[in-house]
>>> print(open('target_29.cif').read())   # mmCIF, C-alpha atoms
data_start
#
loop_
_atom_site.group_PDB
_atom_site.id
_atom_site.type_symbol
_atom_site.label_atom_id
_atom_site.label_comp_id
_atom_site.auth_asym_id
_atom_site.auth_seq_id
_atom_site.Cartn_x
_atom_site.Cartn_y
_atom_site.Cartn_z
ATOM 1 C CA MET P 28 0.000 0.000 0.000
ATOM 2 C CA ASP P 29 1.219 3.509 -0.796
ATOM 3 C CA GLN P 30 2.842 5.157 2.236
ATOM 4 C CA THR P 31 0.829 8.373 1.883
ATOM 5 C CA LEU P 32 -2.430 6.410 1.781
ATOM 6 C CA THR P 33 -1.371 4.394 4.824
ATOM 7 C CA ILE P 34 -0.595 7.551 6.787
ATOM 8 C CA THR P 35 -3.927 9.071 5.743
ATOM 9 C CA LEU P 36 -5.893 5.987 6.817
ATOM 10 C CA PHE P 37 -4.151 5.672 10.179
ATOM 11 C CA THR P 38 -4.519 9.410 10.777
ATOM 12 C CA GLY P 39 -8.250 9.187 10.087
ATOM 13 C CA LEU P 40 -8.643 6.232 12.449
ATOM 14 C CA MET P 41 -6.696 7.919 15.227
ATOM 15 C CA VAL P 42 -8.549 11.218 14.781
ATOM 16 C CA THR P 43 -11.834 9.356 15.255
ATOM 17 C CA ALA P 44 -10.516 7.411 18.255
ATOM 18 C CA ALA P 45 -9.124 10.591 19.827
ATOM 19 C CA TYR P 46 -12.463 12.382 19.486
ATOM 20 C CA VAL P 47 -14.396 9.461 21.002
ATOM 21 C CA PHE P 48 -11.926 9.117 23.890
ATOM 22 C CA GLY P 49 -11.941 12.875 24.428
ATOM 23 C CA SER P 50 -15.743 12.788 24.640
ATOM 24 C CA ILE P 51 -15.585 10.949 27.974
ATOM 25 C CA SER P 52 -16.287 13.790 30.410
ATOM 26 C CA SER P 53 -14.232 12.911 33.463
ATOM 27 C CA ALA P 54 -15.493 15.935 35.403
ATOM 28 C CA VAL P 55 -19.119 14.864 35.067
ATOM 29 C CA LEU P 56 -18.416 11.191 35.775
ATOM 30 C CA ILE P 57 -16.199 11.830 38.805
ATOM 31 C CA CYS P 58 -18.712 14.283 40.258
ATOM 32 C CA ARG P 59 -21.426 11.656 39.867
ATOM 33 C CA ILE P 60 -19.296 9.005 41.542
ATOM 34 C CA VAL P 61 -18.487 11.138 44.605
ATOM 35 C CA GLY P 62 -21.968 12.657 44.859
ATOM 36 C CA LEU P 63 -21.168 16.197 43.720
ATOM 37 C CA PRO P 64 -23.420 18.382 41.543
ATOM 38 C CA ASP P 65 -23.008 18.295 37.789
ATOM 39 C CA PRO P 66 -20.149 20.756 37.125
ATOM 40 C CA ARG P 67 -22.053 22.003 34.076
ATOM 41 C CA THR P 68 -24.671 23.480 36.422
ATOM 42 C CA LYS P 69 -22.515 24.863 39.249
ATOM 43 C CA GLY P 70 -19.657 27.312 39.655
ATOM 44 C CA SER P 71 -18.350 28.451 36.288
ATOM 45 C CA ARG P 72 -20.429 25.696 34.631
ATOM 46 C CA ASN P 73 -17.288 24.423 32.958
ATOM 47 C CA PRO P 74 -16.729 20.638 33.280
ATOM 48 C CA GLY P 75 -13.058 20.845 34.043
ATOM 49 C CA ALA P 76 -10.658 20.356 36.944
ATOM 50 C CA THR P 77 -10.716 23.994 38.099
ATOM 51 C CA ASN P 78 -14.485 24.059 38.450
ATOM 52 C CA VAL P 79 -14.475 20.647 40.159
ATOM 53 C CA LEU P 80 -11.965 22.145 42.618
ATOM 54 C CA ARG P 81 -14.386 24.973 43.328
ATOM 55 C CA ILE P 82 -17.379 22.751 43.977
ATOM 56 C CA GLY P 83 -15.794 19.611 45.404
ATOM 57 C CA GLY P 84 -12.258 20.165 46.614
ATOM 58 C CA ALA P 85 -8.826 18.853 45.729
ATOM 59 C CA ALA P 86 -9.286 15.082 45.467
ATOM 60 C CA PRO P 87 -11.958 14.991 42.725
ATOM 61 C CA ALA P 88 -10.208 17.881 40.968
ATOM 62 C CA VAL P 89 -6.889 16.001 40.825
ATOM 63 C CA ALA P 90 -8.655 12.893 39.505
ATOM 64 C CA THR P 91 -10.383 14.980 36.848
ATOM 65 C CA LEU P 92 -7.131 16.670 35.858
ATOM 66 C CA ALA P 93 -5.272 13.367 35.542
ATOM 67 C CA PHE P 94 -7.929 11.792 33.332
ATOM 68 C CA ASP P 95 -8.268 14.900 31.158
ATOM 69 C CA ILE P 96 -4.497 14.935 30.575
ATOM 70 C CA LEU P 97 -4.553 11.268 29.592
ATOM 71 C CA LYS P 98 -7.283 11.981 27.036
ATOM 72 C CA GLY P 99 -4.685 13.962 25.113
ATOM 73 C CA THR P 100 -1.578 11.964 25.932
ATOM 74 C CA LEU P 101 -2.737 8.441 25.063
ATOM 75 C CA PRO P 102 -3.988 9.007 21.486
ATOM 76 C CA VAL P 103 -1.060 11.268 20.583
ATOM 77 C CA TYR P 104 1.530 8.968 22.125
ATOM 78 C CA GLY P 105 -0.066 5.979 20.427
ATOM 79 C CA SER P 106 0.003 7.783 17.102
ATOM 80 C CA TYR P 107 3.622 8.807 17.646
ATOM 81 C CA PHE P 108 4.618 5.168 18.095
ATOM 82 C CA LEU P 109 2.699 4.309 14.935
ATOM 83 C CA GLY P 110 5.128 6.597 13.128
ATOM 84 C CA LEU P 111 2.640 9.271 12.116
ATOM 85 C CA PRO P 112 4.153 12.655 11.164
ATOM 86 C CA PRO P 113 3.896 15.826 13.301
ATOM 87 C CA PHE P 114 1.046 17.304 11.231
ATOM 88 C CA SER P 115 -1.035 14.165 11.798
ATOM 89 C CA LEU P 116 -0.246 14.302 15.505
ATOM 90 C CA GLY P 117 -1.526 17.875 15.531
ATOM 91 C CA LEU P 118 -4.821 16.815 13.948
ATOM 92 C CA ILE P 119 -5.167 13.984 16.463
ATOM 93 C CA ALA P 120 -4.494 16.360 19.363
ATOM 94 C CA ILE P 121 -7.146 18.746 18.043
ATOM 95 C CA ALA P 122 -9.612 15.857 17.736
ATOM 96 C CA ALA P 123 -9.042 14.894 21.392
ATOM 97 C CA CYS P 124 -9.629 18.495 22.452
ATOM 98 C CA LEU P 125 -12.757 18.800 20.312
ATOM 99 C CA GLY P 126 -14.050 15.650 21.992
ATOM 100 C CA HIS P 127 -13.566 17.294 25.370
ATOM 101 C CA MET P 128 -15.152 20.546 24.185
ATOM 102 C CA TYR P 129 -18.090 18.933 22.381
ATOM 103 C CA PRO P 130 -18.503 15.437 23.877
ATOM 104 C CA VAL P 131 -20.836 13.238 21.871
ATOM 105 C CA PHE P 132 -21.745 11.283 25.035
ATOM 106 C CA PHE P 133 -22.708 14.348 27.084
ATOM 107 C CA GLY P 134 -24.915 16.438 24.828
ATOM 108 C CA PHE P 135 -21.935 18.249 23.270
ATOM 109 C CA GLN P 136 -21.585 20.316 26.477
ATOM 110 C CA GLY P 137 -17.906 20.181 27.326
ATOM 111 C CA GLY P 138 -15.070 22.165 28.796
ATOM 112 C CA LYS P 139 -12.149 24.267 27.637
ATOM 113 C CA ALA P 140 -9.792 21.274 27.054
ATOM 114 C CA VAL P 141 -6.703 22.953 28.517
ATOM 115 C CA ALA P 142 -5.604 19.817 30.393
ATOM 116 C CA THR P 143 -6.283 17.672 27.332
ATOM 117 C CA ALA P 144 -4.254 20.048 25.172
ATOM 118 C CA LEU P 145 -1.409 19.911 27.699
ATOM 119 C CA GLY P 146 -1.555 16.132 27.648
ATOM 120 C CA SER P 147 -1.447 16.043 23.865
ATOM 121 C CA ILE P 148 1.594 18.337 23.760
ATOM 122 C CA GLY P 149 3.342 16.349 26.482
ATOM 123 C CA PRO P 150 4.667 13.641 24.130
ATOM 124 C CA ILE P 151 6.910 16.287 22.532
ATOM 125 C CA GLY P 152 9.096 15.910 25.625
ATOM 126 C CA TRP P 153 9.414 16.439 29.367
ATOM 127 C CA ASP P 154 11.155 19.766 28.779
ATOM 128 C CA MET P 155 8.122 21.029 26.876
ATOM 129 C CA THR P 156 5.767 19.704 29.551
ATOM 130 C CA GLY P 157 7.814 21.352 32.294
ATOM 131 C CA LEU P 158 7.776 24.721 30.542
ATOM 132 C CA LEU P 159 4.019 24.564 29.996
ATOM 133 C CA LEU P 160 3.250 23.520 33.574
ATOM 134 C CA GLY P 161 5.644 26.115 34.958
ATOM 135 C CA THR P 162 4.086 28.859 32.846
ATOM 136 C CA TRP P 163 0.578 27.892 33.945
ATOM 137 C CA LEU P 164 1.477 27.683 37.640
ATOM 138 C CA VAL P 165 3.400 30.962 37.754
ATOM 139 C CA THR P 166 0.655 32.834 35.904
ATOM 140 C CA ALA P 167 -2.067 31.251 38.046
ATOM 141 C CA VAL P 168 -0.295 32.157 41.298
ATOM 142 C CA ILE P 169 0.365 35.735 40.198
ATOM 143 C CA GLY P 170 -2.906 36.419 38.401
ATOM 144 C CA ARG P 171 -5.236 34.027 40.319
ATOM 145 C CA TYR P 172 -7.215 33.346 37.135
ATOM 146 C CA SER P 173 -7.230 29.850 35.647
ATOM 147 C CA SER P 174 -8.316 31.183 32.264
ATOM 148 C CA LEU P 175 -5.534 33.787 32.173
ATOM 149 C CA ALA P 176 -2.957 31.139 33.055
ATOM 150 C CA SER P 177 -4.311 28.914 30.296
ATOM 151 C CA LEU P 178 -4.250 31.691 27.704
ATOM 152 C CA VAL P 179 -0.697 32.759 28.534
ATOM 153 C CA THR P 180 0.422 29.130 28.370
ATOM 154 C CA VAL P 181 -1.159 28.346 24.995
ATOM 155 C CA VAL P 182 0.123 31.587 23.470
ATOM 156 C CA LEU P 183 3.682 30.754 24.542
ATOM 157 C CA ALA P 184 3.414 27.059 23.601
ATOM 158 C CA PRO P 185 4.324 27.556 19.898
ATOM 159 C CA LEU P 186 7.425 29.520 20.930
ATOM 160 C CA TYR P 187 8.477 26.713 23.251
ATOM 161 C CA ALA P 188 7.889 24.160 20.492
ATOM 162 C CA TYR P 189 9.921 26.188 17.986
ATOM 163 C CA TRP P 190 12.748 26.435 20.505
ATOM 164 C CA LEU P 191 12.765 22.755 21.515
ATOM 165 C CA LYS P 192 11.442 20.784 18.518
ATOM 166 C CA PRO P 193 10.701 23.019 15.509
ATOM 167 C CA GLU P 194 9.084 20.197 13.507
ATOM 168 C CA TYR P 195 6.099 20.324 15.906
ATOM 169 C CA THR P 196 5.591 24.096 15.715
ATOM 170 C CA ILE P 197 2.757 24.049 13.153
ATOM 171 C CA ALA P 198 0.891 21.349 15.071
ATOM 172 C CA VAL P 199 1.186 23.319 18.321
ATOM 173 C CA VAL P 200 0.108 26.543 16.583
ATOM 174 C CA MET P 201 -3.083 24.823 15.367
ATOM 175 C CA LEU P 202 -3.827 23.605 18.871
ATOM 176 C CA SER P 203 -3.097 27.007 20.417
ATOM 177 C CA ILE P 204 -5.451 28.786 18.025
ATOM 178 C CA LEU P 205 -8.211 26.351 18.991
ATOM 179 C CA MET P 206 -7.595 27.038 22.685
ATOM 180 C CA VAL P 207 -7.691 30.818 22.249
ATOM 181 C CA VAL P 208 -10.936 30.640 20.246
ATOM 182 C CA ARG P 209 -12.491 28.402 22.914
ATOM 183 C CA HIS P 210 -11.550 30.947 25.602
ATOM 184 C CA ARG P 211 -13.110 33.953 23.843
ATOM 185 C CA ALA P 212 -15.826 34.280 26.520
ATOM 186 C CA ASN P 213 -13.166 34.157 29.237
ATOM 187 C CA ILE P 214 -11.181 36.858 27.434
ATOM 188 C CA SER P 215 -14.262 39.077 27.445
ATOM 189 C CA ARG P 216 -14.847 38.485 31.177
ATOM 190 C CA LEU P 217 -11.185 39.143 31.969
ATOM 191 C CA LEU P 218 -11.379 42.470 30.160
ATOM 192 C CA ASN P 219 -14.635 43.323 31.947
ATOM 193 C CA GLY P 220 -13.317 42.273 35.352
ATOM 194 C CA THR P 221 -16.047 39.639 35.849
ATOM 195 C CA GLU P 222 -13.977 36.460 35.498
ATOM 196 C CA PRO P 223 -14.048 34.320 38.705
ATOM 197 C CA HIS P 224 -10.814 33.600 40.520
ATOM 198 C CA ILE P 225 -9.582 30.033 40.804
ATOM 199 C CA LEU P 226 -10.647 29.586 44.435
ATOM 200 C CA ASP P 227 -13.569 31.990 44.641
ATOM 201 C CA LYS P 228 -15.940 29.563 46.315
ATOM 202 C CA THR P 229 -13.278 28.190 48.666
ATOM 203 C CA GLN P 230 -12.331 31.700 49.712
ATOM 204 C CA ARG P 231 -15.978 32.604 50.393
ATOM 205 C CA LYS P 232 -16.333 29.522 52.605
ATOM 206 C CA ARG P 233 -13.223 30.476 54.590
ATOM 207 C CA LYS P 234 -14.479 34.025 55.089
ATOM 208 C CA LYS P 235 -17.840 32.738 56.244
ATOM 209 C CA ALA P 236 -16.195 30.301 58.680
ATOM 210 C CA LYS P 237 -14.182 33.136 60.206
ATOM 211 C CA THR P 238 -17.276 35.253 60.781
ATOM 212 C CA ASP P 239 -19.393 32.401 62.242
#
>>> encode(input="target_29.cif", output="structure tokens")
Amino acid sequence: MDQTLTITLFTGLMVTAAYVFGSISSAVLICRIVGLPDPRTKGSRNPGATNVLRIGGAAPAVATLAFDILKGTLPVYGSYFLGLPPFSLGLIAIAACLGHMYPVFFGFQGGKAVATALGSIGPIGWDMTGLLLGTWLVTAVIGRYSSLASLVTVVLAPLYAYWLKPEYTIAVVMLSILMVVRHRANISRLLNGTEPHILDKTQRKRKKAKTD
């Protein structure tokens, strides 16, 4: 079989698999398991780890984060070992993120896919992963906005890729554009000063406990 046709077929199969796997909403499932409200109806109404942290605490949030990262890592890593080229890996990463954003199993009501995007970029290397995590953490600590930390991280991601492994730059650029577009509502709220902080609900509980 022609090599180009083989790559195209395997890319198509992995894109489909990545979307289906990405459509498993870990935030919703974990909240159901531990008896928390549906994260699509509480807090920021975003089914992601940050909102699970707000409504349920650290343990379910960490579990959600880990699963969301794996939704990006597993299909991209698997495709990498199949020998697919960087452009195909970029399409597969985007498919995993689209699954998280518009999950076929959960009424197409998904999250921002930041953790899934991070997981899909992770196979580029530990140095890339460390830079992305460091950027997110530093920005989150300084700015106290999860969305701002995510936006800064995805904007810098193509620069990191170009510096470390230039052959993946185009794939990372495609993924970063998707992330920025998905965060357009957050950008508007950040500019208007109405975006919630990472630990808004936790902070309110602490203040209330002090006054009781």
>>> resolve_selection(input="target_29.cif", expression="the PyMOL selection byres ((chain P and resi 130-145) around 9)", output="PyMOL selection string")
chain P and resi 46-47+49-52+55+67+72-76+92-100+120-121+123-129+146-149+156+159-160+177+181+202-203+206+209-210
>>> residues_around(input="target_29.cif", residues="stretch 31-33 of chain P", least_positions_apart="3", cutoff="12 Å", atoms="all atoms listed in the file", output="ChimeraX atom specification")
/P:28,36-40,109-112,115
>>> resolve_selection(input="target_29.cif", expression="the PyMOL selection byres ((chain P and resi 162) around 12)", output="mmCIF file with C-alpha atoms, keeping the file's coordinate frame")
data_model
loop_
_atom_site.group_PDB
_atom_site.id
_atom_site.type_symbol
_atom_site.label_atom_id
_atom_site.label_comp_id
_atom_site.auth_asym_id
_atom_site.auth_seq_id
_atom_site.Cartn_x
_atom_site.Cartn_y
_atom_site.Cartn_z
ATOM 1 C CA LEU P 145 -1.409 19.911 27.699
ATOM 2 C CA MET P 155 8.122 21.029 26.876
ATOM 3 C CA THR P 156 5.767 19.704 29.551
ATOM 4 C CA GLY P 157 7.814 21.352 32.294
ATOM 5 C CA LEU P 158 7.776 24.721 30.542
ATOM 6 C CA LEU P 159 4.019 24.564 29.996
ATOM 7 C CA LEU P 160 3.250 23.520 33.574
ATOM 8 C CA GLY P 161 5.644 26.115 34.958
ATOM 9 C CA TRP P 163 0.578 27.892 33.945
ATOM 10 C CA LEU P 164 1.477 27.683 37.640
ATOM 11 C CA VAL P 165 3.400 30.962 37.754
ATOM 12 C CA THR P 166 0.655 32.834 35.904
ATOM 13 C CA ALA P 167 -2.067 31.251 38.046
ATOM 14 C CA VAL P 168 -0.295 32.157 41.298
ATOM 15 C CA ILE P 169 0.365 35.735 40.198
ATOM 16 C CA GLY P 170 -2.906 36.419 38.401
ATOM 17 C CA SER P 173 -7.230 29.850 35.647
ATOM 18 C CA LEU P 175 -5.534 33.787 32.173
ATOM 19 C CA ALA P 176 -2.957 31.139 33.055
ATOM 20 C CA SER P 177 -4.311 28.914 30.296
ATOM 21 C CA LEU P 178 -4.250 31.691 27.704
ATOM 22 C CA VAL P 179 -0.697 32.759 28.534
ATOM 23 C CA THR P 180 0.422 29.130 28.370
ATOM 24 C CA VAL P 181 -1.159 28.346 24.995
ATOM 25 C CA VAL P 182 0.123 31.587 23.470
ATOM 26 C CA LEU P 183 3.682 30.754 24.542
ATOM 27 C CA ALA P 184 3.414 27.059 23.601
ATOM 28 C CA TYR P 187 8.477 26.713 23.251
#
>>> resolve_selection(input="target_29.cif", expression="the PyMOL selection byres ((chain P and resi 216-219) around 12)", output="PyMOL selection string")
chain P and resi 71+170-176+178+210-215+220-224
>>> residues_around(input="target_29.cif", residues="P:Ile151", least_positions_apart="6", cutoff="9 Å", atoms="all atoms listed in the file", output="count of residues only")
4
>>> residues_near_point(input="target_29.cif", point="(2.6, 19.3, 8.3)", cutoff="12 Å", atoms="only C-alpha atoms", output="ChimeraX atom specification")
/P:111-118,193-201
>>> closest_residue(input="target_29.cif", among="P:Cys58, P:Met41, P:Lys69, P:Gly84", to="P:Phe108", atoms="all atoms listed in the file")
P:Met41
>>> atom_distance(input="target_29.cif", atom1="atom CA of P:Pro150", atom2="atom CA of P:Tyr104")
6.0 Å
>>> atom_distance(input="target_29.cif", atom1="atom CA of P:Asn78", atom2="atom CA of P:Asp65")
10.3 Å
>>> atom_distance(input="target_29.cif", atom1="atom CA of P:Leu186", atom2="atom CA of P:Ile225")
26.2 Å
>>> build_atoms(input="target_29.cif", residues="stretch 212-223 of chain P", atoms="all heavy atoms", output="short mmCIF file (atom, residue, chain, number, x, y, z; two decimals), keeping the file's coordinate frame")
data_model
loop_
_atom_site.label_atom_id
_atom_site.label_comp_id
_atom_site.auth_asym_id
_atom_site.auth_seq_id
_atom_site.Cartn_x
_atom_site.Cartn_y
_atom_site.Cartn_z
N ALA P 212 -14.93 33.75 25.48
CA ALA P 212 -15.83 34.28 26.52
C ALA P 212 -15.02 34.66 27.77
O ALA P 212 -15.31 35.67 28.42
CB ALA P 212 -16.90 33.25 26.87
N ASN P 213 -14.02 33.84 28.09
CA ASN P 213 -13.17 34.16 29.24
C ASN P 213 -12.38 35.44 29.00
O ASN P 213 -12.19 36.24 29.93
CB ASN P 213 -12.19 33.01 29.51
CG ASN P 213 -12.88 31.70 29.80
OD1 ASN P 213 -13.19 30.96 28.87
ND2 ASN P 213 -13.14 31.42 31.07
N ILE P 214 -11.91 35.63 27.77
CA ILE P 214 -11.18 36.86 27.43
C ILE P 214 -12.07 38.07 27.67
O ILE P 214 -11.63 39.08 28.25
CB ILE P 214 -10.69 36.81 25.97
CG1 ILE P 214 -9.65 35.69 25.80
CG2 ILE P 214 -10.11 38.16 25.56
CD1 ILE P 214 -9.25 35.44 24.35
N SER P 215 -13.32 37.97 27.25
CA SER P 215 -14.26 39.08 27.44
C SER P 215 -14.47 39.36 28.93
O SER P 215 -14.47 40.52 29.36
CB SER P 215 -15.60 38.74 26.78
OG SER P 215 -16.54 39.76 26.99
N ARG P 216 -14.63 38.29 29.74
CA ARG P 216 -14.85 38.48 31.18
C ARG P 216 -13.59 39.03 31.86
O ARG P 216 -13.69 39.83 32.80
CB ARG P 216 -15.28 37.17 31.83
CG ARG P 216 -16.69 36.75 31.45
CD ARG P 216 -17.21 35.65 32.38
NE ARG P 216 -16.44 34.42 32.26
CZ ARG P 216 -16.74 33.44 31.41
NH1 ARG P 216 -17.78 33.55 30.59
NH2 ARG P 216 -16.01 32.34 31.37
N LEU P 217 -12.42 38.60 31.41
CA LEU P 217 -11.18 39.14 31.97
C LEU P 217 -11.08 40.64 31.71
O LEU P 217 -10.69 41.42 32.60
CB LEU P 217 -9.98 38.42 31.36
CG LEU P 217 -9.69 37.00 31.89
CD1 LEU P 217 -8.68 36.30 30.99
CD2 LEU P 217 -9.18 37.04 33.33
N LEU P 218 -11.43 41.05 30.51
CA LEU P 218 -11.38 42.47 30.16
C LEU P 218 -12.41 43.27 30.93
O LEU P 218 -12.18 44.44 31.27
CB LEU P 218 -11.60 42.64 28.65
CG LEU P 218 -10.48 42.09 27.74
CD1 LEU P 218 -10.88 42.18 26.27
CD2 LEU P 218 -9.17 42.82 27.99
N ASN P 219 -13.56 42.64 31.22
CA ASN P 219 -14.64 43.32 31.95
C ASN P 219 -14.48 43.24 33.46
O ASN P 219 -15.26 43.86 34.20
CB ASN P 219 -16.00 42.74 31.56
CG ASN P 219 -16.35 43.01 30.11
OD1 ASN P 219 -15.89 44.01 29.53
ND2 ASN P 219 -17.13 42.14 29.50
N GLY P 220 -13.52 42.43 33.92
CA GLY P 220 -13.32 42.27 35.35
C GLY P 220 -14.33 41.39 36.03
O GLY P 220 -14.53 41.48 37.25
N THR P 221 -15.01 40.50 35.27
CA THR P 221 -16.05 39.64 35.85
C THR P 221 -15.65 38.16 35.87
O THR P 221 -16.46 37.32 36.25
CB THR P 221 -17.36 39.78 35.05
OG1 THR P 221 -17.12 39.47 33.67
CG2 THR P 221 -17.91 41.19 35.16
N GLU P 222 -14.43 37.86 35.50
CA GLU P 222 -13.98 36.46 35.50
C GLU P 222 -13.74 36.00 36.93
O GLU P 222 -13.09 36.69 37.73
CB GLU P 222 -12.68 36.33 34.69
CG GLU P 222 -12.12 34.93 34.62
CD GLU P 222 -12.87 34.02 33.65
OE1 GLU P 222 -13.97 34.41 33.20
OE2 GLU P 222 -12.35 32.93 33.36
N PRO P 223 -14.27 34.81 37.33
CA PRO P 223 -14.05 34.32 38.70
C PRO P 223 -12.61 33.87 38.93
O PRO P 223 -11.97 33.34 38.03
CB PRO P 223 -15.03 33.14 38.82
CG PRO P 223 -15.20 32.66 37.41
CD PRO P 223 -15.13 33.90 36.55
#
